[in-house]
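Chemist: Data: model.cif, mmCIF, C-alpha atoms.
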data_query
loop_
_atom_site.label_atom_id
_atom_site.label_comp_id
_atom_site.auth_asym_id
_atom_site.auth_seq_id
_atom_site.Cartn_x
_atom_site.Cartn_y
_atom_site.Cartn_z
CA MET C 151 -14.91 -17.69 18.47
CA LYS C 152 -15.91 -21.14 19.52
CA ASN C 153 -14.78 -23.16 16.54
CA LEU C 154 -11.49 -21.42 16.09
CA GLU C 155 -9.40 -24.55 16.34
CA GLN C 156 -11.41 -26.21 13.62
CA LEU C 157 -10.65 -23.55 11.04
CA LYS C 158 -8.41 -24.66 8.21
CA ALA C 159 -6.03 -22.64 6.07
CA GLY C 160 -7.76 -21.69 2.84
CA GLN C 161 -11.23 -21.58 4.37
CA GLU C 162 -13.30 -18.44 3.87
CA ILE C 163 -15.55 -17.16 6.62
CA CYS C 164 -17.60 -14.08 7.49
CA PHE C 165 -16.90 -12.81 10.99
CA THR C 166 -19.35 -10.95 13.19
CA GLY C 167 -18.14 -9.53 16.49
CA ILE C 168 -15.49 -7.26 17.97
CA ILE C 169 -11.98 -6.70 16.62
CA TYR C 170 -9.29 -4.26 17.72
CA THR C 171 -7.11 -2.27 15.34
CA ALA C 172 -3.41 -2.20 16.18
CA ARG C 173 -0.36 -1.71 14.00
CA ASP C 174 3.32 -0.89 14.40
CA GLN C 175 3.50 1.68 17.21
CA ALA C 176 0.57 0.21 19.14
CA HIS C 177 2.34 -3.17 19.11
CA LYS C 178 5.50 -1.58 20.42
CA ARG C 179 3.56 0.05 23.25
CA MET C 180 1.72 -3.16 24.09
CA GLU C 181 5.00 -5.03 24.28
CA ASP C 182 6.42 -2.37 26.59
CA ALA C 183 3.27 -2.57 28.75
CA ILE C 184 3.48 -6.37 29.04
CA LYS C 185 7.17 -6.25 29.92
CA ALA C 186 6.48 -3.59 32.56
CA GLY C 187 3.65 -5.71 34.00
CA LYS C 188 1.03 -3.11 33.10
CA ARG C 189 -2.50 -3.72 31.86
CA LEU C 190 -3.21 -3.64 28.15
CA PRO C 191 -5.86 -1.23 26.85
CA PHE C 192 -8.22 -4.13 26.06
CA GLU C 193 -8.72 -7.70 27.26
CA ILE C 194 -6.19 -9.60 25.19
CA LYS C 195 -7.54 -13.02 26.19
CA GLY C 196 -9.69 -14.21 23.32
CA ALA C 197 -9.17 -11.01 21.32
CA ILE C 198 -8.68 -10.52 17.59
CA ILE C 199 -6.34 -7.79 16.33
CA TYR C 200 -6.81 -6.16 12.92
CA TYR C 201 -3.62 -4.69 11.42
CA CYS C 202 -5.30 -1.55 10.19
CA GLY C 203 -4.88 2.20 10.34
CA PRO C 204 -8.01 3.67 8.75
CA THR C 205 -8.31 7.02 7.05
CA ARG C 206 -10.03 9.69 9.11
CA THR C 207 -13.77 9.25 9.34
CA PRO C 208 -15.62 11.32 6.74
CA LYS C 209 -18.64 13.25 7.99
CA GLY C 210 -21.74 11.07 8.19
CA LYS C 211 -19.82 7.80 8.01
CA ILE C 212 -18.95 5.22 10.65
CA ILE C 213 -15.36 4.88 9.54
CA GLY C 214 -13.18 5.75 6.56
CA SER C 215 -11.31 3.43 4.25
CA SER C 216 -10.11 0.57 6.45
CA GLY C 217 -8.19 -2.25 4.81
CA PRO C 218 -5.33 -4.38 6.15
CA THR C 219 -1.69 -3.36 6.38
CA THR C 220 1.34 -5.67 5.88
CA SER C 221 1.31 -8.19 8.74
CA SER C 222 4.99 -9.13 8.69
CA ARG C 223 5.98 -5.85 10.33
CA MET C 224 4.18 -7.06 13.46
CA ASP C 225 5.87 -10.50 13.46
CA GLY C 226 8.34 -9.61 16.21
CA TYR C 227 5.54 -8.78 18.67
CA THR C 228 3.08 -11.52 17.79
CA PRO C 229 4.39 -14.56 19.75
CA LEU C 230 4.35 -12.48 22.97
CA LEU C 231 0.77 -11.34 22.36
CA LEU C 232 -0.34 -14.89 21.55
CA SER C 233 1.26 -16.06 24.81
CA GLN C 234 -0.91 -13.48 26.61
CA GLY C 235 -4.10 -14.89 25.14
CA LEU C 236 -4.51 -13.19 21.76
CA VAL C 237 -6.34 -15.65 19.50
CA GLY C 238 -6.67 -14.03 16.11
CA MET C 239 -5.01 -11.61 13.75
CA ILE C 240 -6.23 -10.09 10.50
CA GLY C 241 -3.84 -8.63 7.95
CA LYS C 242 -2.22 -9.16 4.58
CA GLY C 243 0.77 -11.16 3.43
CA ALA C 244 3.00 -13.89 4.82
CA ARG C 245 4.25 -14.36 8.40
CA SER C 246 7.54 -15.53 9.88
CA GLN C 247 8.24 -19.09 10.99
CA GLU C 248 8.19 -17.84 14.61
CA VAL C 249 4.65 -16.54 14.18
CA LYS C 250 3.58 -19.73 12.47
CA ASP C 251 4.99 -21.81 15.34
CA ALA C 252 3.34 -19.56 17.93
CA VAL C 253 -0.05 -19.74 16.17
CA LYS C 254 0.19 -23.54 16.38
CA LYS C 255 1.44 -23.58 19.96
CA TYR C 256 -1.24 -21.25 21.31
CA LYS C 257 -4.02 -22.50 19.01
CA GLY C 258 -4.54 -19.17 17.31
CA VAL C 259 -5.45 -18.18 13.80
CA TYR C 260 -4.18 -15.66 11.28
CA PHE C 261 -6.61 -14.36 8.68
CA LEU C 262 -6.20 -12.45 5.46
CA THR C 263 -8.75 -10.00 4.24
CA TYR C 264 -9.08 -8.23 0.91
CA ALA C 265 -5.87 -6.26 0.52
CA GLY C 266 -6.10 -2.82 -1.01
CA CYS C 267 -9.90 -2.80 -0.71
CA GLY C 268 -10.23 -0.43 2.22
CA ALA C 269 -13.29 1.38 0.88
CA LEU C 270 -15.20 -1.86 0.37
CA LEU C 271 -14.25 -3.29 3.77
CA SER C 272 -15.61 -0.22 5.57
CA LYS C 273 -19.08 -1.52 4.64
CA TYR C 274 -18.73 -4.36 7.13
CA ILE C 275 -17.92 -2.11 10.09
CA GLU C 276 -20.92 -1.18 12.20
CA SER C 277 -19.25 0.91 14.86
CA ALA C 278 -15.81 2.25 15.61
CA LYS C 279 -14.33 3.99 18.64
CA ILE C 280 -10.81 4.85 19.72
CA ILE C 281 -10.00 3.15 23.02
CA ALA C 282 -6.28 3.86 23.48
CA TYR C 283 -3.14 5.61 22.25
CA SER C 284 -5.08 8.41 20.52
CA ASP C 285 -1.84 10.40 20.17
CA LEU C 286 -0.79 7.86 17.53
CA GLY C 287 -3.43 9.24 15.14
CA PRO C 288 -4.32 6.53 12.61
CA GLU C 289 -2.27 4.05 14.66
CA ALA C 290 -4.48 4.41 17.74
CA ILE C 291 -6.24 1.28 19.00
CA MET C 292 -9.87 1.21 17.90
CA GLU C 293 -12.62 -1.14 18.91
CA LEU C 294 -14.59 -2.14 15.83
CA VAL C 295 -17.89 -3.97 15.76
CA VAL C 296 -18.01 -5.82 12.46
CA LYS C 297 -20.72 -7.77 10.68
CA ASP C 298 -20.01 -10.47 8.09
CA PHE C 299 -16.44 -9.21 7.72
CA PRO C 300 -14.84 -11.36 4.97
CA LEU C 301 -11.83 -13.38 6.11
CA ILE C 302 -9.62 -16.06 4.61
CA VAL C 303 -7.81 -18.40 7.02
CA ALA C 304 -4.06 -18.13 6.30
CA LEU C 305 -2.48 -19.85 9.33
CA ASP C 306 -4.45 -22.35 11.38
CA ALA C 307 -4.01 -23.97 14.80
CA LYS C 308 -2.73 -27.20 13.28
CA GLY C 309 0.14 -25.51 11.45
CA GLY C 310 -1.61 -25.14 8.10
CA ASP C 311 -0.40 -22.26 5.92
CA ILE C 312 -2.26 -20.92 2.91
CA TYR C 313 1.05 -19.90 1.34
CA GLY C 314 2.16 -23.51 1.57
CA LYS C 315 5.53 -22.92 3.16
CA ALA C 316 6.97 -25.51 5.53
CA MET R 220 6.36 36.38 -19.52
CA ARG R 221 3.31 34.53 -18.28
CA GLU R 222 2.60 34.77 -14.57
CA ILE R 223 0.83 32.31 -12.33
CA LYS R 224 -0.10 32.70 -8.69
CA ALA R 225 1.12 30.08 -6.25
CA LYS R 226 -2.47 29.99 -4.96
CA GLN R 227 -3.61 28.58 -8.29
CA ILE R 228 -1.07 25.79 -7.92
CA LEU R 229 -2.26 25.14 -4.36
CA LEU R 230 -5.86 24.76 -5.53
CA ALA R 231 -4.83 22.45 -8.34
CA ILE R 232 -2.99 20.22 -5.85
CA VAL R 233 -6.11 20.05 -3.63
CA GLU R 234 -8.09 18.70 -6.58
CA LEU R 235 -5.37 16.29 -7.78
CA VAL R 236 -5.05 14.73 -4.31
CA ARG R 237 -8.83 14.15 -4.29
CA GLN R 238 -8.90 12.64 -7.76
CA ALA R 239 -5.91 10.39 -7.18
CA ASN R 240 -7.26 8.99 -3.91
CA PHE R 241 -10.91 8.51 -4.87
CA ILE R 242 -10.80 7.64 -8.58
CA LEU R 243 -8.62 4.78 -9.75
CA ARG R 244 -6.56 5.60 -12.85
CA SER R 245 -8.43 4.58 -15.98
CA ASP R 246 -5.49 2.58 -17.37
CA VAL R 247 -5.13 0.67 -14.08
CA LEU R 248 -8.85 -0.03 -14.03
CA ALA R 249 -8.72 -1.29 -17.63
CA ALA R 250 -5.75 -3.54 -16.83
CA LEU R 251 -7.57 -4.96 -13.79
CA LYS R 252 -10.66 -5.66 -15.90
CA ASN R 253 -8.53 -7.46 -18.48
CA ALA R 254 -6.85 -9.47 -15.75
CA TYR R 255 -10.25 -10.40 -14.30
CA ARG R 256 -11.41 -11.67 -17.69
CA ALA R 257 -8.18 -13.56 -18.35
CA GLU R 258 -7.83 -15.25 -14.93
CA ASN R 259 -8.99 -18.83 -14.67
CA ASN R 260 -7.95 -19.32 -11.05
CA ASN R 261 -11.20 -19.03 -9.10
CA GLN R 262 -9.79 -17.40 -5.97
CA ALA R 263 -7.77 -14.92 -8.07
CA LYS R 264 -10.97 -14.01 -9.91
CA ILE R 265 -12.84 -13.41 -6.65
CA ILE R 266 -10.06 -11.14 -5.38
CA LEU R 267 -9.87 -9.18 -8.66
CA LYS R 268 -13.64 -8.74 -8.46
CA ALA R 269 -13.30 -7.32 -4.94
CA ILE R 270 -10.59 -4.92 -6.18
CA LEU R 271 -12.86 -3.75 -9.02
CA ASP R 272 -15.86 -3.42 -6.66
CA ASN R 273 -13.67 -1.44 -4.28
CA ALA R 274 -12.79 1.05 -7.02
CA VAL R 275 -16.46 1.55 -7.88
CA PHE R 276 -17.46 1.90 -4.23
CA ALA R 277 -14.62 4.33 -3.44
CA LYS R 278 -15.61 6.62 -6.31
CA LYS R 279 -19.32 6.48 -5.49
CA GLU R 280 -18.89 7.12 -1.76
CA SER R 281 -15.92 9.51 -1.97
CA LEU R 282 -13.84 7.14 0.13
CA ALA R 283 -10.13 6.56 -0.31
CA ILE R 284 -9.41 3.58 -2.57
CA CYS R 285 -6.95 2.43 0.07
CA GLN R 286 -6.62 3.52 3.71
CA ASP R 287 -2.94 4.06 3.03
CA THR R 288 -3.33 7.37 1.26
CA GLY R 289 0.39 7.31 0.95
CA MET R 290 3.21 9.76 1.01
CA PRO R 291 2.24 12.16 -1.77
CA VAL R 292 4.94 12.38 -4.43
CA VAL R 293 4.52 15.47 -6.60
CA PHE R 294 6.20 15.85 -9.99
CA VAL R 295 6.34 19.43 -11.24
CA GLU R 296 7.36 20.42 -14.75
CA VAL R 297 7.82 24.17 -14.89
CA GLY R 298 8.01 25.90 -18.23
CA GLN R 299 11.00 28.22 -18.26
CA ASN R 300 8.87 31.09 -19.57
CA ILE R 301 6.49 31.20 -16.64
CA LYS R 302 6.87 33.23 -13.51
CA ILE R 303 5.44 31.89 -10.28
CA LYS R 304 4.19 34.55 -7.90
CA GLY R 305 4.66 33.17 -4.41
CA ASP R 306 6.34 30.13 -2.92
CA LEU R 307 5.90 27.05 -5.13
CA LYS R 308 6.96 24.43 -2.60
CA SER R 309 4.87 25.76 0.25
CA ALA R 310 1.90 26.10 -2.10
CA ILE R 311 2.23 22.40 -2.94
CA ASN R 312 2.60 21.30 0.66
CA GLN R 313 -0.28 23.52 1.79
CA GLY R 314 -2.42 22.07 -1.01
CA ILE R 315 -1.58 18.57 0.19
CA GLU R 316 -2.39 19.44 3.78
CA MET R 317 -5.69 21.12 2.88
CA SER R 318 -6.81 18.29 0.65
CA TYR R 319 -5.90 15.46 3.03
CA LYS R 320 -7.85 17.26 5.76
CA LYS R 321 -10.79 18.23 3.58
CA TYR R 322 -11.29 14.74 2.17
CA SER R 323 -10.61 12.84 5.42
CA LEU R 324 -7.51 11.14 4.06
CA ARG R 325 -4.95 9.65 6.38
CA ASN R 326 -2.28 11.59 8.23
CA SER R 327 0.57 9.17 7.62
CA ILE R 328 3.60 11.47 7.71
CA VAL R 329 5.85 11.67 10.78
CA ALA R 330 7.86 14.89 10.94
CA ASP R 331 10.94 13.19 12.36
CA PRO R 332 11.72 9.73 10.99
CA LEU R 333 13.48 8.70 14.20
CA LEU R 334 11.30 10.31 16.89
CA ARG R 335 8.07 9.32 15.12
CA LYS R 336 5.53 11.48 16.94
CA THR R 337 1.84 11.97 16.01
CA PRO R 338 1.52 11.66 12.22
CA GLU R 339 0.79 14.76 10.15
CA PHE R 340 -0.64 15.39 6.67
CA SER R 341 2.40 16.82 4.95
CA PRO R 342 5.01 17.40 3.55
CA GLY R 343 5.06 15.43 0.35
CA ILE R 344 8.08 14.63 -1.82
CA ILE R 345 8.50 17.27 -4.53
CA HIS R 346 10.45 16.76 -7.75
CA ILE R 347 10.84 19.90 -9.85
CA ASP R 348 12.00 19.88 -13.44
CA MET R 349 12.45 22.80 -15.84
CA VAL R 350 11.07 22.37 -19.34
CA ARG R 351 10.45 24.55 -22.38
CA GLY R 352 7.29 26.60 -22.67
CA SER R 353 5.09 28.66 -20.39
CA LYS R 354 2.96 26.05 -18.68
CA ILE R 355 3.16 24.04 -15.49
CA LYS R 356 2.40 20.34 -15.30
CA LEU R 357 1.55 18.94 -11.88
CA THR R 358 1.30 15.23 -11.13
CA VAL R 359 0.38 13.79 -7.73
CA LEU R 360 1.21 10.17 -6.93
CA PRO R 361 0.13 9.14 -3.41
CA LYS R 362 2.52 6.24 -2.79
CA GLY R 363 1.47 3.63 -0.25
CA PHE R 364 4.24 2.21 1.89
CA GLY R 365 3.28 -1.46 1.88
CA CYS R 366 4.73 -1.50 -1.61
CA GLU R 367 7.28 1.30 -1.15
CA ASN R 368 8.91 -0.90 1.51
CA LYS R 369 9.64 -3.47 -1.19
CA SER R 370 11.82 -1.12 -3.25
CA GLN R 371 15.25 -2.44 -4.23
CA LEU R 372 18.38 -0.90 -5.69
CA LYS R 373 21.37 -2.76 -7.06
CA MET R 374 24.60 -1.37 -8.46
CA PHE R 375 25.57 -3.86 -11.18
CA LYS R 376 28.94 -4.19 -12.87
CA PRO R 377 28.93 -2.50 -16.28
CA THR R 378 29.55 -5.93 -17.81
CA ALA R 379 26.43 -7.46 -16.24
CA SER R 380 24.29 -9.46 -18.63
CA LEU R 381 20.67 -8.66 -19.40
CA GLU R 382 19.79 -11.99 -17.79
CA GLU R 383 21.35 -10.92 -14.48
CA ILE R 384 19.39 -7.67 -14.56
CA LYS R 385 16.13 -9.46 -15.35
CA HIS R 386 16.81 -11.92 -12.54
CA PHE R 387 17.21 -9.04 -10.10
CA ILE R 388 13.97 -7.35 -11.20
CA VAL R 389 11.93 -10.56 -11.05
CA GLY R 390 13.65 -11.34 -7.72
CA ALA R 391 12.46 -8.02 -6.27
CA VAL R 392 8.89 -9.00 -7.13
CA LYS R 393 9.38 -12.45 -5.60
CA ASP R 394 10.73 -10.82 -2.43
CA ALA R 395 7.63 -8.63 -2.27
CA GLY R 396 5.64 -11.86 -2.65
CA PRO R 397 2.12 -11.66 -1.23
CA ASP R 398 2.87 -8.72 1.10
CA ALA R 399 2.53 -5.58 -0.99
CA CYS R 400 -0.92 -6.04 -2.59
CA PRO R 401 -0.33 -7.84 -5.88
CA PRO R 402 -1.10 -7.61 -8.77
CA TYR R 403 1.73 -5.11 -8.96
CA ILE R 404 2.82 -2.44 -11.38
CA VAL R 405 6.61 -2.64 -11.46
CA GLY R 406 8.55 0.58 -12.03
CA VAL R 407 12.18 0.16 -13.06
CA GLY R 408 14.92 2.76 -13.42
CA ILE R 409 18.07 1.74 -15.28
CA GLY R 410 21.24 3.86 -15.51
CA GLY R 411 22.18 7.26 -14.16
CA THR R 412 23.31 7.28 -10.52
CA ALA R 413 21.90 5.39 -7.52
CA ASP R 414 19.52 8.23 -6.66
CA TYR R 415 18.56 8.97 -10.25
CA ALA R 416 17.79 5.34 -11.07
CA SER R 417 15.44 5.28 -8.05
CA PHE R 418 13.79 8.50 -9.21
CA LEU R 419 13.27 7.00 -12.67
CA ALA R 420 11.80 3.83 -11.17
CA LYS R 421 9.21 5.94 -9.38
CA LYS R 422 8.58 8.13 -12.42
CA ALA R 423 8.06 5.02 -14.56
CA LEU R 424 4.89 4.35 -12.54
CA LEU R 425 3.34 7.41 -14.18
CA SER R 426 3.52 5.92 -17.69
CA ARG R 427 0.23 4.60 -18.90
CA ILE R 428 0.04 0.82 -18.68
CA GLN R 429 -1.19 -0.08 -22.14
CA ILE R 430 0.99 2.05 -24.36
CA ARG R 431 4.49 1.69 -25.84
CA ASN R 432 5.65 -1.40 -24.02
CA SER R 433 9.13 -2.50 -25.04
CA GLN R 434 10.28 -6.05 -25.66
CA LEU R 435 12.13 -6.03 -22.33
CA GLU R 436 9.05 -4.81 -20.47
CA ASN R 437 6.90 -7.49 -22.05
CA ASP R 438 9.48 -10.22 -21.36
CA LEU R 439 9.78 -9.17 -17.73
CA LEU R 440 6.00 -9.11 -17.34
CA LYS R 441 5.80 -12.68 -18.67
CA ASP R 442 8.54 -13.85 -16.29
CA ILE R 443 6.89 -12.14 -13.33
CA ASN R 444 3.52 -13.66 -14.12
CA LYS R 445 5.12 -17.10 -14.35
CA THR R 446 5.95 -16.87 -10.62
CA GLY R 447 2.30 -17.68 -9.90
CA ILE R 448 2.18 -15.32 -6.89
CA GLY R 449 -1.17 -13.99 -8.08
CA PRO R 450 -3.64 -11.56 -6.49
CA MET R 451 -3.02 -11.36 -2.71
CA GLY R 452 -0.32 -13.98 -3.20
CA LEU R 453 -2.91 -16.76 -3.36
CA GLY R 454 -2.03 -17.95 -6.85
CA GLY R 455 -3.08 -17.14 -10.37
CA LYS R 456 -1.52 -15.76 -13.48
CA THR R 457 -1.84 -12.10 -12.55
CA THR R 458 1.14 -11.19 -10.39
CA ALA R 459 1.80 -7.93 -12.21
CA LEU R 460 -0.29 -5.77 -14.51
CA ALA R 461 2.71 -4.08 -16.12
CA VAL R 462 6.43 -3.47 -16.03
CA LYS R 463 7.49 0.07 -16.88
CA ILE R 464 11.13 0.93 -17.50
CA GLN R 465 12.88 4.29 -17.79
CA LYS R 466 16.52 4.52 -18.80
CA TYR R 467 19.21 7.20 -18.64
CA PRO R 468 22.86 7.42 -19.74
CA THR R 469 25.32 6.22 -17.12
CA HIS R 470 29.02 5.96 -16.23
CA ILE R 471 31.45 3.45 -17.80
CA ALA R 472 32.09 1.94 -14.36
CA GLY R 473 28.54 1.21 -13.32
CA LEU R 474 24.96 0.20 -13.99
CA ALA R 475 22.35 1.16 -11.43
CA VAL R 476 19.04 -0.71 -11.47
CA SER R 477 16.25 0.36 -9.17
CA VAL R 478 12.88 -1.32 -8.72
CA ASN R 479 9.89 0.58 -7.33
CA ILE R 480 6.87 -1.62 -6.89
CA SER R 481 3.32 -0.28 -6.81
CA CYS R 482 0.39 -2.15 -5.37
CA HIS R 483 -2.68 -2.62 -7.58
CA ALA R 484 -4.00 0.67 -6.24
CA LEU R 485 -1.62 2.74 -8.35
CA ARG R 486 -2.99 6.21 -7.95
CA SER R 487 -1.97 9.37 -9.74
CA ALA R 488 -3.58 12.42 -11.28
CA CYS R 489 -2.16 15.26 -13.33
CA VAL R 490 -3.09 18.66 -14.71
CA ILE R 491 -1.48 21.25 -16.97
CA LEU R 492 -1.90 24.86 -15.91
#
Please render this file's structure as structure tokens.

Modeler:
Amino acid sequence: MKNLEQLKAGQEICFTGIIYTARDQAHKRMEDAIKAGKRLPFEIKGAIIYYCGPTRTPKGKIIGSSGPTTSSRMDGYTPLLLSQGLVGMIGKGARSQEVKDAVKKYKGVYFLTYAGCGALLSKYIESAKIIAYSDLGPEAIMELVVKDFPLIVALDAKGGDIYGKA
Amino acid sequence: MREIKAKQILLAIVELVRQANFILRSDVLAALKNAYRAENNNQAKIILKAILDNAVFAKKESLAICQDTGMPVVFVEVGQNIKIKGDLKSAINQGIEMSYKKYSLRNSIVADPLLRKTPEFSPGIIHIDMVRGSKIKLTVLPKGFGCENKSQLKMFKPTASLEEIKHFIVGAVKDAGPDACPPYIVGVGIGGTADYASFLAKKALLSRIQIRNSQLENDLLKDINKTGIGPMGLGGKTTALAVKIQKYPTHIAGLAVSVNISCHALRSACVIL
């Protein structure tokens, strides 16, 4: 995303490109991997993580229901991932001050997407494949190719916060 | 004495799980439509529209309304004049397992809460009650955990004022803030014991939104909607669609109040066999 730093909290965009699903257990494993000096399952530099654990894929569909989960549970892992080059996150709800500071420091961005609208959001996903941690079931890391995925900027690189907290 | 096969209960559960996950409750849908009409905050309106579109799309495509297909909570009312042939609890859990697999719902249940290995499809939480008659009523409530995580319980002094109790309930909603998919439906259990108040708070979510709202429920709803949290926490006058309270006698020394919040995707389905 070229114009990432220009995005402002409150702005709505449609994103086309690749995002990676990761939630609680995947974050824990990624943290362990970083601390052990091991490679992560995908190139974290420039990547966007989607806090999502979809339903299983129904026959004939690309993916099942696939909306965002509560972002704050991942707060403890986020500054480390941003320091490794992660640029974007998609989820729902507010973030900690530490995450907000880290988003500003590393010039990242945190997006919201339509919460509790997992069926609708599956329409914007063009392909989906599991790339790591398949034993975690719905918490496995998936690579998603999305088209015009609706996002709302919640935290921007200049410290802006849609929820208006200092 | 009337007899019913456990298999019949299993099949009913399979169907209830499907209905609850694919078809939003008609009273919730109606409340969301009302909220959409009443909102004058533009962003809130857009979000409520997406929620309504999502319900239509989920039903049409047989997709789960929400990817968090929850931990299924099953309420069973067994008539005391009916005999169940077979194992009731395993029939329910097998029904859950079959349905979650059949309809590609999410395996969100870890067998051991501390070891947390690969998630499975069951078991659910089963509440069994004995009632008069010779029928069985089954209700399935798939409870998502974004909102379940925002549950709160407080043991008040018996001399606590109504204002203190209201403050706690509204405070629980403020603590949930934007995180648990507002607009919420707020279940409240008052009285009994700590565990029973929490059971009542959950059970309150089964009451239909539009009927028999008490003064206290209406007052709390007004207070909650004054917080301005709004859909997705981005502002507006729709922070909750309803407050539902269930009460029970309690001890002279205490006053338990439990809050169980539901996201806007409050899903449940029931059948009488």

Chemist: Report as a Markdown table the residues of chain C within 8 Å of chain R, each with its shortest atom pair and distance in Å (one decimal), using all atoms listed in the file, ordered by chain and increasing residue number.

Modeler:
| residue | atom | partner | partner_atom | distance |
| --- | --- | --- | --- | --- |
| C:Gly203 | CA | R:Gln286 | CA | 7.0 |
| C:Pro204 | CA | R:Gln286 | CA | 5.2 |
| C:Thr205 | CA | R:Arg325 | CA | 4.3 |
| C:Arg206 | CA | R:Ser323 | CA | 4.9 |
| C:Thr207 | CA | R:Ser323 | CA | 6.2 |
| C:Pro208 | CA | R:Ser323 | CA | 5.4 |
| C:Gly214 | CA | R:Leu282 | CA | 6.6 |
| C:Ser215 | CA | R:Gln286 | CA | 4.7 |
| C:Ser216 | CA | R:Gln286 | CA | 5.3 |
| C:Gly217 | CA | R:Gln286 | CA | 6.1 |
| C:Thr219 | CA | R:Gly365 | CA | 7.0 |
| C:Thr220 | CA | R:Asp398 | CA | 5.9 |
| C:Ser221 | CA | R:Asp398 | CA | 7.8 |
| C:Ser222 | CA | R:Asp398 | CA | 7.9 |
| C:Lys242 | CA | R:Asp398 | CA | 6.2 |
| C:Gly243 | CA | R:Asp398 | CA | 4.0 |
| C:Ala244 | CA | R:Asp398 | CA | 6.4 |
| C:Tyr264 | CA | R:Ile266 | CA | 7.0 |
| C:Ala265 | CA | R:Cys400 | CA | 5.9 |
| C:Gly266 | CA | R:Cys285 | CA | 5.4 |
| C:Cys267 | CA | R:Asn273 | CA | 5.4 |
| C:Gly268 | CA | R:Cys285 | CA | 4.9 |
| C:Ala269 | CA | R:Ala277 | CA | 5.4 |
| C:Leu270 | CA | R:Asn273 | CA | 4.9 |
| C:Asp285 | CA | R:Thr337 | CA | 5.8 |
| C:Leu286 | CA | R:Thr337 | CA | 5.1 |
| C:Gly287 | CA | R:Thr337 | CA | 6.0 |
| C:Pro288 | CA | R:Arg325 | CA | 7.0 |
| C:Ile312 | CA | R:Leu453 | CA | 7.6 |
| C:Tyr313 | CA | R:Leu453 | CA | 6.9 |

Chemist: Within 7 Å of C:Ile168, counting all atoms listed in the file, which residues qualify if same-chain residues fewer than 6 places away don't, as a list of chain:residue names?

Modeler: C:Glu293, C:Leu294, C:Val295, C:Val296

Chemist: Let me know the centre plus edge lengths, in Å and rounded to one decimal, of a box with edges along x, y and z that contains all listed atoms of stretch 445-463 of chain R and is padded by 5 Å on every side, as lines of an AutoDock Vina configuration file.

Modeler:
center_x = 1.9
center_y = -8.9
center_z = -9.8
size_x = 21.1
size_y = 28.0
size_z = 24.2

Chemist: Name the residues that the PyMOL selection byres ((chain C and resi 231) around 9) pulls out of this structure, and write them as number ranges by chain.

Modeler: C: 177, 180-181, 184, 194, 227-230, 232-237

Chemist: Select, from R:Met349, R:Val407, R:Ile428, R:Ile315, the residue with the minimum atom-to-atom distance to R:Glu234, counting all atoms listed in the file.

Modeler: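 Of R:Met349, R:Val407, R:Ile428, R:Ile315, the one nearest R:Glu234 is R:Ile315, counting all atoms listed in the file.
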
Chemist: With only C-alpha atoms as the counted atoms, please give the residues lying no more than 7 Å from stretch 438-440 of chain R, apart from itself and same-chain residues fewer than 4 positions off, as a VMD selection string.

Modeler: chain R and resid 385 434 444 459 461 to 462

Chemist: Which residues are close to R:Lys463, i.e. within 12 Å by only C-alpha atoms, leaving aside same-chain residues fewer than 3 positions away? Reply as an NGL selection string.

Modeler: :R and (388 or 403-409 or 419-440 or 459-460 or 466 or 477-481)

Chemist: So that I have them on file, write out the residues from the current selection with C-alpha atoms, as a compact mmCIF listing (two decimals), keeping the file's coordinate frame.

Modeler:
# COMPACT_ATOMS: atom_id res chain seq x y z
CA ILE R 388 13.97 -7.35 -11.20
CA TYR R 403 1.73 -5.11 -8.96
CA ILE R 404 2.82 -2.44 -11.38
CA VAL R 405 6.61 -2.64 -11.46
CA GLY R 406 8.55 0.58 -12.03
CA VAL R 407 12.18 0.16 -13.06
CA GLY R 408 14.92 2.76 -13.42
CA ILE R 409 18.07 1.74 -15.28
CA LEU R 419 13.27 7.00 -12.67
CA ALA R 420 11.80 3.83 -11.17
CA LYS R 421 9.21 5.94 -9.38
CA LYS R 422 8.58 8.13 -12.42
CA ALA R 423 8.06 5.02 -14.56
CA LEU R 424 4.89 4.35 -12.54
CA LEU R 425 3.34 7.41 -14.18
CA SER R 426 3.52 5.92 -17.69
CA ARG R 427 0.23 4.60 -18.90
CA ILE R 428 0.04 0.82 -18.68
CA GLN R 429 -1.19 -0.08 -22.14
CA ILE R 430 0.99 2.05 -24.36
CA ARG R 431 4.49 1.69 -25.84
CA ASN R 432 5.65 -1.40 -24.02
CA SER R 433 9.13 -2.50 -25.04
CA GLN R 434 10.28 -6.05 -25.66
CA LEU R 435 12.13 -6.03 -22.33
CA GLU R 436 9.05 -4.81 -20.47
CA ASN R 437 6.90 -7.49 -22.05
CA ASP R 438 9.48 -10.22 -21.36
CA LEU R 439 9.78 -9.17 -17.73
CA LEU R 440 6.00 -9.11 -17.34
CA ALA R 459 1.80 -7.93 -12.21
CA LEU R 460 -0.29 -5.77 -14.51
CA LYS R 466 16.52 4.52 -18.80
CA SER R 477 16.25 0.36 -9.17
CA VAL R 478 12.88 -1.32 -8.72
CA ASN R 479 9.89 0.58 -7.33
CA ILE R 480 6.87 -1.62 -6.89
CA SER R 481 3.32 -0.28 -6.81

Chemist: My list of candidates is C:Leu301, C:Val253, C:Ile163, C:Met224. Which is closest to C:Gln175 when distances are computed with all atoms listed in the file?

Modeler: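 Closest to C:Gln175 of all the choices is C:Met224.
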
Chemist: Could you spell out the hits of the PyMOL selection byres ((chain C and resi 201) around 7) on the shown file, as a PyMOL selection string?

Modeler: chain C and resi 171-173+199-200+202+218-219+221+240-241
